[in-house]
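J.: Next up is a structure, given as structure tokens.
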Amino acid sequence: MQILLNGNEHSLADGTTLILLLQELKIESNHVVIEHNRSIVPQPQFATTTLKKNDEVEIIHFVGGG
């Protein structure tokens with residue numbers, strides 16, 4: 001299936017959750033905020049939020065600096 005990920009089309013297997021998407025992208029879940037169809041998803045719901053065809057996902061990374 002196709003979703004829109006950070007403004008670009010991205011192919012995923014049916015039934016992919018947000019946590020599986022992060023694993024595929026090699027992104028640690030404790031360093032991001034995810035917006036799913038224009039709503040912020042609480043981190044505890046990453047494992048239970050299943051993506052569907054044409055969903056819109058924005059992943060925002062936190063970057064530390066000094």
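In the structure tokens, the first chain shown is A, the next is B, and so on; residue numbers restart at 1 for each chain, and ligands run from 1 in the order shown.
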Got a sec: who's within 12 Å of A:Pro42, counting only C-alpha atoms, leaving out chain neighbours fewer than 2 positions off, as a list in words?

T.: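 After dropping sequence-adjacent residues, the list is Leu18, Ile19, Ser29, Asn30, Val32, Val33, Ile34, Glu35, His36, Ser39, Ile40, Pro44, Gln45, Phe46, Ala47, Thr48 and Thr49 of chain A.
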
J.: Would you give me, as a list in words, the residues in chain A that DSSP reads as strand (DSSP E or B)?

T.: Gln2, Ile3, Leu4, Leu5, Asn8, Glu9, His10, Ser11, Thr17, Val32, Val33, Ile34, Glu35, His36, Ser39, Ile40, Val41, Thr50, Glu56, Val57, Glu58, Ile59, Ile60 and His61 of chain A

J.: If we count only C-alpha atoms, what is near stretch 8-14 of chain A at a cut-off of 9 Å, once residues fewer than 6 positions away on the same chain are taken out, given as a PyMOL selection string?

T.: chain A and resi 1-2+21+50-54

J.: Out of A:Leu20, A:Arg38, A:Ile27, A:Gln43, which residue has the shortest atom-to-atom distance to A:Glu58 when counting only C-alpha atoms?

T.: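 Looking only at the distances to A:Glu58, the closest residue turns out to be A:Arg38.
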
J.: Using DSSP on the backbone coordinates, identify the residues of chain A assigned to helix (DSSP H, G or I); present them as number ranges by chain.

T.: A: 18-25, 29-31, 43-45

J.: Between atom CA of A:Asp55 and atom CA of A:Glu24, what is the distance in Å, rounded to a tenth?

T.: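 Atom-to-atom, atom CA of A:Asp55 to atom CA of A:Glu24, that is 17.0 Å.
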